[in-house]
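So this block is upload.csv, CSV, C-alpha atoms:
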chain,number,residue,atom,x,y,z
A,1,MET,CA,-59.5,157.6,-134.5
A,2,LEU,CA,-56.1,156.4,-133.1
A,3,CYS,CA,-54.9,158.4,-130.1
A,4,ILE,CA,-51.2,158.2,-129.0
A,5,LEU,CA,-50.2,159.3,-125.5
A,6,TYR,CA,-46.7,160.7,-125.3
A,7,THR,CA,-45.0,159.9,-121.9
A,8,GLY,CA,-41.7,161.7,-122.6
A,9,ARG,CA,-39.7,158.4,-122.1
A,10,THR,CA,-37.4,157.0,-124.7
A,11,ARG,CA,-37.0,153.3,-125.5
A,12,SER,CA,-33.8,153.3,-123.5
A,13,ASP,CA,-35.6,154.7,-120.5
A,14,VAL,CA,-38.2,151.9,-120.6
A,15,ARG,CA,-35.4,149.3,-120.9
A,16,SER,CA,-33.5,150.6,-118.0
A,17,GLU,CA,-36.7,150.6,-115.8
A,18,ALA,CA,-37.5,147.1,-116.8
A,19,ASP,CA,-34.1,146.0,-115.5
A,20,LYS,CA,-34.8,147.4,-112.0
A,21,PRO,CA,-36.1,144.8,-109.6
A,22,GLY,CA,-39.3,145.9,-107.9
A,23,SER,CA,-40.6,148.0,-110.8
A,24,SER,CA,-43.9,147.1,-112.6
A,25,LEU,CA,-42.1,146.8,-115.9
A,26,TYR,CA,-39.6,144.4,-114.3
A,27,ALA,CA,-42.5,141.9,-113.5
A,28,VAL,CA,-43.9,142.3,-117.0
A,29,LYS,CA,-40.5,141.6,-118.5
A,30,GLY,CA,-40.4,138.3,-116.5
A,31,PHE,CA,-43.7,137.1,-117.9
A,32,VAL,CA,-42.7,138.1,-121.4
A,33,ASN,CA,-39.4,136.2,-121.1
A,34,ASP,CA,-41.2,133.1,-119.8
A,35,HIS,CA,-43.5,133.3,-122.8
A,36,LYS,CA,-40.6,133.5,-125.2
A,37,LEU,CA,-38.8,130.6,-123.5
A,38,SER,CA,-41.9,128.4,-124.0
A,39,HIS,CA,-41.4,128.9,-127.8
A,40,THR,CA,-37.6,128.5,-127.9
A,41,GLY,CA,-37.6,125.3,-125.9
A,42,HIS,CA,-35.1,126.7,-123.4
A,43,GLU,CA,-36.0,125.3,-119.9
A,44,LEU,CA,-35.2,127.2,-116.7
A,45,HIS,CA,-37.5,125.8,-114.0
A,46,SER,CA,-36.5,122.4,-112.6
A,47,CYS,CA,-38.4,120.1,-110.3
A,48,THR,CA,-36.5,119.4,-107.1
A,49,HIS,CA,-37.9,115.8,-106.9
A,50,CYS,CA,-37.4,114.4,-110.3
A,51,LYS,CA,-35.1,117.1,-112.0
A,52,GLU,CA,-37.6,117.5,-114.9
A,53,SER,CA,-37.4,121.0,-116.3
A,54,PHE,CA,-40.2,123.4,-117.5
A,55,PRO,CA,-40.2,126.6,-119.5
A,56,ASN,CA,-42.1,128.6,-116.8
A,57,GLN,CA,-43.1,128.6,-113.1
A,58,LEU,CA,-46.8,127.9,-113.8
A,59,LYS,CA,-46.1,124.6,-115.5
A,60,LEU,CA,-43.7,123.6,-112.8
A,61,ARG,CA,-46.3,124.2,-110.1
A,62,ARG,CA,-48.8,122.1,-112.0
A,63,HIS,CA,-46.2,119.4,-112.3
A,64,MET,CA,-45.6,119.3,-108.6
A,65,ASN,CA,-49.1,117.8,-108.1
A,66,VAL,CA,-47.7,114.6,-109.6
A,67,HIS,CA,-45.5,114.1,-106.5
A,68,GLY,CA,-48.4,114.3,-104.2
A,69,ASN,CA,-48.3,115.6,-100.6
A,70,GLN,CA,-44.8,116.9,-99.9
A,71,TYR,CA,-45.3,119.1,-96.9
A,72,LYS,CA,-45.2,117.1,-93.7
A,73,CYS,CA,-46.5,118.2,-90.3
A,74,ASP,CA,-43.9,117.6,-87.5
A,75,ASP,CA,-46.6,117.1,-84.9
A,76,CYS,CA,-48.8,114.4,-86.4
A,77,GLY,CA,-47.0,113.3,-89.5
A,78,LYS,CA,-49.8,114.4,-91.9
A,79,CYS,CA,-48.6,115.4,-95.4
A,80,LEU,CA,-50.1,118.2,-97.4
A,81,ARG,CA,-49.8,119.4,-101.0
A,82,SER,CA,-48.8,123.1,-100.3
A,83,SER,CA,-47.0,125.2,-97.8
A,84,LEU,CA,-50.3,127.2,-97.2
A,85,GLY,CA,-52.1,124.0,-96.5
A,86,LEU,CA,-49.5,123.0,-94.0
A,87,THR,CA,-49.7,126.5,-92.3
A,88,LEU,CA,-53.5,126.2,-91.9
A,89,HIS,CA,-53.1,122.6,-90.7
A,90,ARG,CA,-50.6,123.6,-88.0
A,91,ARG,CA,-53.3,125.7,-86.4
A,92,ILE,CA,-55.0,122.5,-85.3
A,93,HIS,CA,-52.1,121.8,-82.9
A,94,SER,CA,-51.9,125.4,-81.6
A,95,ALA,CA,-54.2,127.8,-79.9
A,96,GLU,CA,-54.4,129.9,-83.1
A,97,LYS,CA,-58.1,129.8,-84.1
A,98,PRO,CA,-59.1,133.3,-85.3
A,99,PHE,CA,-62.6,132.5,-86.6
A,100,GLU,CA,-65.3,132.3,-83.9
A,101,CYS,CA,-68.9,131.1,-84.2
A,102,THR,CA,-71.3,133.9,-83.2
A,103,VAL,CA,-73.9,131.3,-81.9
A,104,CYS,CA,-71.9,128.9,-79.7
A,105,SER,CA,-68.4,130.7,-79.6
A,106,LYS,CA,-66.6,127.6,-81.0
A,107,ARG,CA,-63.4,128.7,-82.8
A,108,PHE,CA,-61.9,127.4,-86.0
A,109,ASN,CA,-58.6,127.6,-87.8
A,110,THR,CA,-60.1,128.6,-91.2
A,111,SER,CA,-63.0,130.6,-92.4
A,112,GLY,CA,-64.2,127.7,-94.5
A,113,ASN,CA,-64.5,125.5,-91.4
A,114,LEU,CA,-66.5,128.2,-89.7
A,115,VAL,CA,-68.9,128.4,-92.7
A,116,ARG,CA,-69.4,124.7,-92.7
A,117,HIS,CA,-70.0,124.7,-88.9
A,118,SER,CA,-72.6,127.5,-89.1
A,119,ARG,CA,-74.8,125.2,-91.2
A,120,LEU,CA,-75.3,123.0,-88.1
A,121,HIS,CA,-77.1,126.0,-86.5
A,122,SER,CA,-79.0,127.1,-89.5
A,123,GLY,CA,-80.0,123.7,-90.7
A,124,GLU,CA,-78.9,124.6,-94.2
A,125,LYS,CA,-78.2,121.5,-96.4
A,126,LEU,CA,-77.0,122.5,-99.9
A,127,TYR,CA,-75.9,119.1,-101.2
A,128,LYS,CA,-78.8,116.8,-102.2
A,129,CYS,CA,-78.6,113.2,-103.4
A,130,HIS,CA,-80.4,112.8,-106.8
A,131,GLU,CA,-81.2,109.2,-106.0
A,132,CYS,CA,-83.1,109.5,-102.7
A,133,ASP,CA,-83.3,113.3,-102.2
A,134,LYS,CA,-81.4,113.1,-98.9
A,135,ALA,CA,-79.6,116.3,-98.2
A,136,PHE,CA,-76.3,117.1,-96.5
A,137,SER,CA,-74.5,120.2,-95.2
A,138,ARG,CA,-71.1,119.1,-96.7
A,139,SER,CA,-70.1,117.9,-100.2
A,140,GLY,CA,-67.9,115.2,-98.7
A,141,SER,CA,-70.8,113.8,-96.8
A,142,LEU,CA,-72.8,113.6,-100.0
A,143,ARG,CA,-69.9,111.8,-101.8
A,144,ALA,CA,-69.6,109.3,-99.0
A,145,HIS,CA,-73.4,108.8,-99.1
A,146,MET,CA,-73.4,108.0,-102.8
A,147,SER,CA,-71.6,104.8,-102.1
A,148,VAL,CA,-74.8,103.5,-100.6
A,149,HIS,CA,-76.4,103.5,-104.0
A,150,THR,CA,-73.3,102.6,-106.1
A,151,GLY,CA,-71.6,100.2,-103.6
A,152,ASP,CA,-68.2,101.7,-104.7
A,153,LYS,CA,-65.4,101.6,-102.1
A,154,PRO,CA,-62.3,102.7,-104.0
A,155,TYR,CA,-60.1,103.5,-101.0
A,156,LYS,CA,-58.3,100.4,-99.7
A,157,CYS,CA,-56.2,100.1,-96.5
A,158,SER,CA,-52.8,98.7,-97.3
A,159,LEU,CA,-52.5,97.2,-93.8
A,160,CYS,CA,-55.7,95.1,-93.5
A,161,ASP,CA,-57.3,95.3,-97.1
A,162,LYS,CA,-60.4,96.9,-95.7
A,163,SER,CA,-62.2,99.2,-98.2
A,164,PHE,CA,-63.9,102.6,-97.8
A,165,SER,CA,-66.1,104.9,-99.8
A,166,HIS,CA,-64.3,108.1,-98.9
A,167,SER,CA,-60.6,109.0,-98.4
A,168,ASN,CA,-61.3,110.6,-95.0
A,169,HIS,CA,-62.8,107.4,-93.7
A,170,LEU,CA,-59.6,105.6,-94.8
A,171,GLN,CA,-57.5,108.1,-92.9
A,172,MET,CA,-59.6,107.8,-89.8
A,173,HIS,CA,-59.4,104.0,-90.0
A,174,LYS,CA,-55.6,104.0,-90.2
A,175,ARG,CA,-55.4,106.5,-87.3
A,176,TYR,CA,-57.7,104.6,-85.0
A,177,LYS,CA,-56.8,101.0,-85.9
A,178,HIS,CA,-53.2,101.0,-87.0
A,179,SER,CA,-51.6,103.8,-85.1
A,180,ASP,CA,-50.9,104.6,-81.4
A,181,LYS,CA,-50.1,108.3,-82.0
A,182,ARG,CA,-52.2,110.7,-80.0
A,183,PRO,CA,-51.1,114.2,-81.1
A,184,TYR,CA,-54.0,116.1,-79.5
A,185,ASP,CA,-53.7,116.8,-75.8
A,186,CYS,CA,-56.2,118.5,-73.4
A,187,ARG,CA,-54.9,121.8,-72.0
A,188,PHE,CA,-57.0,121.2,-68.8
A,189,CYS,CA,-56.0,117.6,-67.8
A,190,GLY,CA,-53.3,116.5,-70.3
A,191,LYS,CA,-55.3,113.6,-71.6
A,192,ARG,CA,-54.3,112.8,-75.2
A,193,PHE,CA,-56.5,111.9,-78.2
A,194,LYS,CA,-56.1,110.6,-81.7
A,195,SER,CA,-58.3,113.3,-83.4
A,196,GLY,CA,-59.2,116.9,-82.9
A,197,VAL,CA,-62.9,116.1,-82.8
A,198,ASN,CA,-62.5,113.7,-79.9
A,199,LEU,CA,-60.5,116.4,-78.1
A,200,GLN,CA,-63.2,119.0,-78.6
A,201,PHE,CA,-65.9,116.7,-77.2
A,202,HIS,CA,-63.7,116.1,-74.2
A,203,VAL,CA,-63.0,119.8,-73.6
A,204,TYR,CA,-66.7,120.4,-73.4
A,205,ILE,CA,-66.7,118.5,-70.1
A,206,HIS,CA,-64.2,120.9,-68.6
A,207,ILE,CA,-65.9,124.1,-69.7
A,208,ASP,CA,-69.4,122.8,-69.3
A,209,ALA,CA,-70.3,123.8,-72.9
A,210,LYS,CA,-73.4,122.5,-74.7
A,211,PRO,CA,-73.4,124.1,-78.1
A,212,TYR,CA,-76.2,122.1,-79.7
A,213,SER,CA,-79.6,123.4,-78.7
A,214,CYS,CA,-83.0,122.0,-79.5
A,215,SER,CA,-85.3,124.2,-81.7
A,216,HIS,CA,-88.4,123.0,-80.0
A,217,CYS,CA,-87.5,123.3,-76.3
A,218,SER,CA,-84.7,124.7,-74.0
A,219,ASP,CA,-82.6,121.5,-73.9
A,220,CYS,CA,-78.9,121.7,-74.9
A,221,PHE,CA,-76.4,119.0,-75.7
A,222,ARG,CA,-72.6,118.6,-76.0
A,223,GLN,CA,-72.7,116.4,-79.1
A,224,LEU,CA,-74.8,116.6,-82.3
A,225,CYS,CA,-75.7,112.9,-82.1
A,226,HIS,CA,-77.2,113.5,-78.7
A,227,LEU,CA,-79.3,116.3,-80.1
A,228,ARG,CA,-80.5,114.1,-83.0
A,229,ALA,CA,-81.5,111.4,-80.5
A,230,HIS,CA,-83.4,113.9,-78.5
A,231,LEU,CA,-85.3,115.2,-81.5
A,232,LEU,CA,-86.3,111.7,-82.4
A,233,LYS,CA,-87.4,110.6,-78.9
A,234,SER,CA,-89.0,113.8,-77.7
A,235,HIS,CA,-90.2,115.6,-80.9
A,236,ASN,CA,-90.5,112.8,-83.4
A,237,GLU,CA,-88.2,114.7,-85.8
A,238,GLY,CA,-85.8,112.7,-88.0
A,239,THR,CA,-85.6,109.1,-89.2
A,240,TRP,CA,-85.3,106.0,-86.9
A,241,PHE,CA,-83.0,103.1,-87.8
A,242,THR,CA,-85.2,100.0,-87.5
A,243,CYS,CA,-84.0,96.4,-87.3
A,244,HIS,CA,-85.7,94.3,-90.0
A,245,ILE,CA,-85.7,91.2,-87.7
A,246,CYS,CA,-87.1,92.4,-84.4
A,247,GLN,CA,-88.3,95.9,-85.4
A,248,LYS,CA,-86.2,97.5,-82.6
A,249,LYS,CA,-85.5,101.1,-83.3
A,250,PHE,CA,-82.2,103.1,-82.9
A,251,THR,CA,-81.2,106.7,-83.2
A,252,GLN,CA,-77.9,105.9,-84.9
A,253,SER,CA,-77.0,103.6,-87.8
A,254,GLY,CA,-73.9,102.4,-86.0
A,255,ASN,CA,-76.0,101.1,-83.1
A,256,LEU,CA,-78.2,99.2,-85.5
A,257,LYS,CA,-75.2,97.5,-87.1
A,258,THR,CA,-74.0,96.4,-83.7
A,259,HIS,CA,-77.5,95.1,-82.8
A,260,LEU,CA,-77.7,93.0,-86.0
A,261,LEU,CA,-74.6,91.1,-85.0
A,262,ARG,CA,-76.5,89.8,-82.0
A,263,HIS,CA,-79.1,88.2,-84.3
A,264,VAL,CA,-76.4,86.3,-86.2
A,265,SER,CA,-74.4,85.5,-83.1
A,266,VAL,CA,-71.2,86.9,-84.6
A,267,LYS,CA,-68.6,88.0,-82.0
A,268,PRO,CA,-65.6,89.2,-84.0
A,269,TYR,CA,-63.6,90.7,-81.1
A,270,ILE,CA,-61.6,88.2,-79.1
A,271,CYS,CA,-59.7,88.7,-75.8
A,272,SER,CA,-56.0,87.8,-76.2
A,273,GLU,CA,-55.8,86.7,-72.6
A,274,CYS,CA,-58.8,84.4,-72.1
A,275,GLN,CA,-60.2,84.0,-75.6
A,276,LYS,CA,-63.6,85.3,-74.6
A,277,ASP,CA,-65.4,86.9,-77.6
A,278,PHE,CA,-67.5,90.1,-77.8
A,279,PHE,CA,-69.8,91.8,-80.2
A,280,THR,CA,-68.1,95.2,-80.2
A,281,GLU,CA,-64.7,96.6,-79.7
A,282,ALA,CA,-66.1,98.8,-76.8
A,283,GLU,CA,-67.2,95.6,-75.0
A,284,LEU,CA,-63.7,94.1,-75.4
A,285,ARG,CA,-62.1,97.3,-74.0
A,286,ARG,CA,-64.4,97.2,-70.9
A,287,HIS,CA,-63.4,93.6,-70.4
A,288,MET,CA,-59.6,94.0,-70.7
A,289,PRO,CA,-59.1,95.6,-67.2
A,290,MET,CA,-60.2,92.3,-65.7
A,291,HIS,CA,-56.7,91.0,-66.6
A,292,SER,CA,-54.9,93.9,-65.0
A,293,ASP,CA,-54.4,95.5,-61.6
A,294,VAL,CA,-54.4,99.1,-63.1
A,295,LYS,CA,-57.2,101.4,-61.8
A,296,ASN,CA,-57.4,104.5,-64.0
A,297,PHE,CA,-60.7,106.0,-62.7
A,298,CYS,CA,-60.6,108.1,-59.5
A,299,CYS,CA,-63.6,109.3,-57.4
A,300,GLY,CA,-63.4,113.1,-57.1
A,301,SER,CA,-64.9,113.0,-53.6
A,302,CYS,CA,-63.0,110.4,-51.7
A,303,GLY,CA,-60.0,109.6,-53.9
A,304,ASN,CA,-60.7,105.8,-54.3
A,305,TYR,CA,-59.7,104.3,-57.6
A,306,PHE,CA,-61.7,101.9,-59.9
A,307,LYS,CA,-61.0,99.8,-62.9
A,308,HIS,CA,-64.2,100.8,-64.9
A,309,LYS,CA,-65.7,104.1,-65.6
A,310,GLU,CA,-69.2,102.7,-64.8
A,311,SER,CA,-68.0,101.7,-61.4
A,312,VAL,CA,-66.7,105.1,-60.4
A,313,VAL,CA,-69.8,106.8,-61.7
A,314,SER,CA,-72.2,104.7,-59.6
A,315,HIS,CA,-69.8,105.0,-56.6
A,316,PHE,CA,-69.6,108.8,-57.0
A,317,LYS,CA,-73.4,109.1,-56.8
A,318,ARG,CA,-73.4,107.4,-53.4
A,319,CYS,CA,-70.2,109.1,-52.2
A,320,SER,CA,-71.3,112.6,-53.1
A,321,VAL,CA,-74.6,112.2,-51.2
A,322,LYS,CA,-72.8,111.0,-48.1
A,323,LEU,CA,-70.3,114.0,-48.2
A,324,GLY,CA,-72.9,116.5,-49.3
A,325,PHE,CA,-71.6,117.2,-52.8
A,326,VAL,CA,-73.5,117.6,-56.0
A,327,SER,CA,-72.9,114.8,-58.4
A,328,VAL,CA,-71.4,116.8,-61.2
A,329,PHE,CA,-69.4,114.0,-62.7
A,330,ALA,CA,-72.4,111.7,-62.9
A,331,ARG,CA,-74.4,114.3,-64.7
A,332,GLN,CA,-71.6,114.9,-67.3
A,333,ASP,CA,-71.2,111.2,-68.1
Produce structure tokens that represent the structure in this file.
Amino acid sequence: MLCILYTGRTRSDVRSEADKPGSSLYAVKGFVNDHKLSHTGHELHSCTHCKESFPNQLKLRRHMNVHGNQYKCDDCGKCLRSSLGLTLHRRIHSAEKPFECTVCSKRFNTSGNLVRHSRLHSGEKLYKCHECDKAFSRSGSLRAHMSVHTGDKPYKCSLCDKSFSHSNHLQMHKRYKHSDKRPYDCRFCGKRFKSGVNLQFHVYIHIDAKPYSCSHCSDCFRQLCHLRAHLLKSHNEGTWFTCHICQKKFTQSGNLKTHLLRHVSVKPYICSECQKDFFTEAELRRHMPMHSDVKNFCCGSCGNYFKHKESVVSHFKRCSVKLGFVSVFARQD
């Protein structure tokens, strides 16, 4: 049976309400007009980049993805696809981090980042490789891992032709190798960094935070890699990276790659001043102060300056004993 509800409004009343901005019928009228325009071929919505027109706002928004990342951050130059993405990204450069971890009190700019971080404490790994059953806490880590099986590296650097398996790896490569920008500065000492992750690790030194705790004992660590090394050495938990030539074991794959260079006697990093070559970039950086009179490392006890970090650490141990101080700096290093 058909039921008709009488509202007491005439057709003219409905039309007049639909013409009033802010009313519910006004919004419905807009959708209906967009639908009609899609059939008539009349185009109202134009792209500001290429001037192409579309019959409704939805098709225009879909078209905007063709032009890529259009919203640029003034602090670090990163471009994003939407104004919302830019707003969330800007929180990285400010103190606005409303989402706090209940375990280690670390704060995040989005709820998604907090959820991904919480998996470090819970050990939850939702993303599993179907080739080797290795599991990861992030989907991006799984995608990057799959290149081990496929050998695919579709992301190429336009400056040095080096290829990467993941777009994030390419962005990090450009930031560290081809840029001198350091948009992240420490609020305690003013030291600047190229990435927010490096800044966070540095801040732990000032606040004496050790958010990564061992599930077997009471030891805590500032970095996840230090916890993983501890689990391997002290509790035999995890997988060692073993050299196939001398059977030497390492806790990190990067250390194994550096070690393998020593077997083939390849030293790709060359000093521009004396042409001396080195196995790693870190070794070259430690060597470069030899050609300069600059001393960047200061002893907190006596105020003497040193060229190398290792020198000031060893000096501080002796100096703090003489002056009766506890060697806090040496323990933090």
Original post:
Mind pulling up the distance from atom CA of A:Phe279 to atom CA of A:Lys267?
Top reply: 4.4 Å
Subject >> atom CA of A:His169 to atom CA of A:Lys125, distance in Å rounded to a single decimal >> reply: 21.1 Å
Original post:
Looking at A:Gln200, A:Gln247, A:Ser53, A:Ser301, which one is nearest to A:Ile92, with distances taken over only C-alpha atoms?
Top reply: A:Gln200
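Between atom CA of A:Ser163 and atom CA of A:Leu284 lies a distance of 23.4 Å.
All residues of protein, DNA or RNA that reach within 9 Å of A:Lys309, judged by all atoms listed in the file and not counting those fewer than 5 positions away in the chain, are Arg286, Asn296, Phe297, Cys298 and Ser314 of chain A.
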**OP:** May I ask which of the residues A:Gln252, A:Ser265, A:Ser213, A:Ser311 is the closest one to A:His121, counting only C-alpha atoms?
**Re:**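 Counting only C-alpha atoms, the residue closest to A:His121 is A:Ser213.
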What are the nearest atom pairs, with distances in Å to one decimal, for all residues of stretch 95-200 of chain A that come at most 9 Å from stretch 72-81 of chain A, using all atoms listed in the file, set out by chain and rising residue number as JSON lines?
{"residue": "A:Lys181", "atom": "CA", "partner": "A:Cys76", "partner_atom": "CA", "distance": 7.6}
{"residue": "A:Arg182", "atom": "CA", "partner": "A:Cys76", "partner_atom": "CA", "distance": 8.1}
{"residue": "A:Pro183", "atom": "CA", "partner": "A:Cys76", "partner_atom": "CA", "distance": 5.8}
{"residue": "A:Tyr184", "atom": "CA", "partner": "A:Cys76", "partner_atom": "CA", "distance": 8.8}
Original post:
Counting all atoms listed in the file, what is within 12 Å of A:Asn198, bar same-chain residues fewer than 2 positions away, as an MDAnalysis selection string?
Top reply: chainID A and resid 172 176 182:186 191:196 200:205 222:223
**OP:** Point out the residue among A:Cys189, A:Val312, A:Leu260, A:Val115 with the least atom-to-atom distance to A:Lys295, counting only C-alpha atoms.
**Re:**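 Smallest distance to A:Lys295 is found for A:Val312.
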Once you count only C-alpha atoms, what closest atom pair and distance in Å to one decimal does each residue of stretch 207-294 of chain A within 12 Å of stretch 106-114 of chain A have, with rows by chain and rising residue number, as a Markdown table?
| residue | atom | partner | partner_atom | distance |
| --- | --- | --- | --- | --- |
| A:Ile207 | CA | A:Lys106 | CA | 11.9 |
| A:Ala209 | CA | A:Lys106 | CA | 9.7 |
| A:Lys210 | CA | A:Lys106 | CA | 10.6 |
| A:Pro211 | CA | A:Lys106 | CA | 8.2 |
| A:Tyr212 | CA | A:Lys106 | CA | 11.1 |
| A:Arg222 | CA | A:Lys106 | CA | 11.9 |
Subject >> Shell of 12 Å around A:Glu131, only C-alpha atoms, local chain residues under 6 positions omitted, as a PyMOL selection string >> reply: chain A and resi 142+145-150
**OP:** Mind checking which residues fall within 12 Å of A:Asp161, counting all atoms listed in the file, ignoring those fewer than 5 positions away in the same chain, and posting them as a VMD selection string?
**Re:** chain A and resid 153 to 156 170 173 to 174
**OP:** Fewer than 5 positions away in the same chain doesn't count, so skip those; otherwise give me all residues within 12 Å of A:Met290, counting all atoms listed in the file, as a list in words.
**Re:** Cys271, Glu273, Cys274, Lys276, Leu284, Arg285, Lys295, Phe306, Lys307 and His308 of chain A
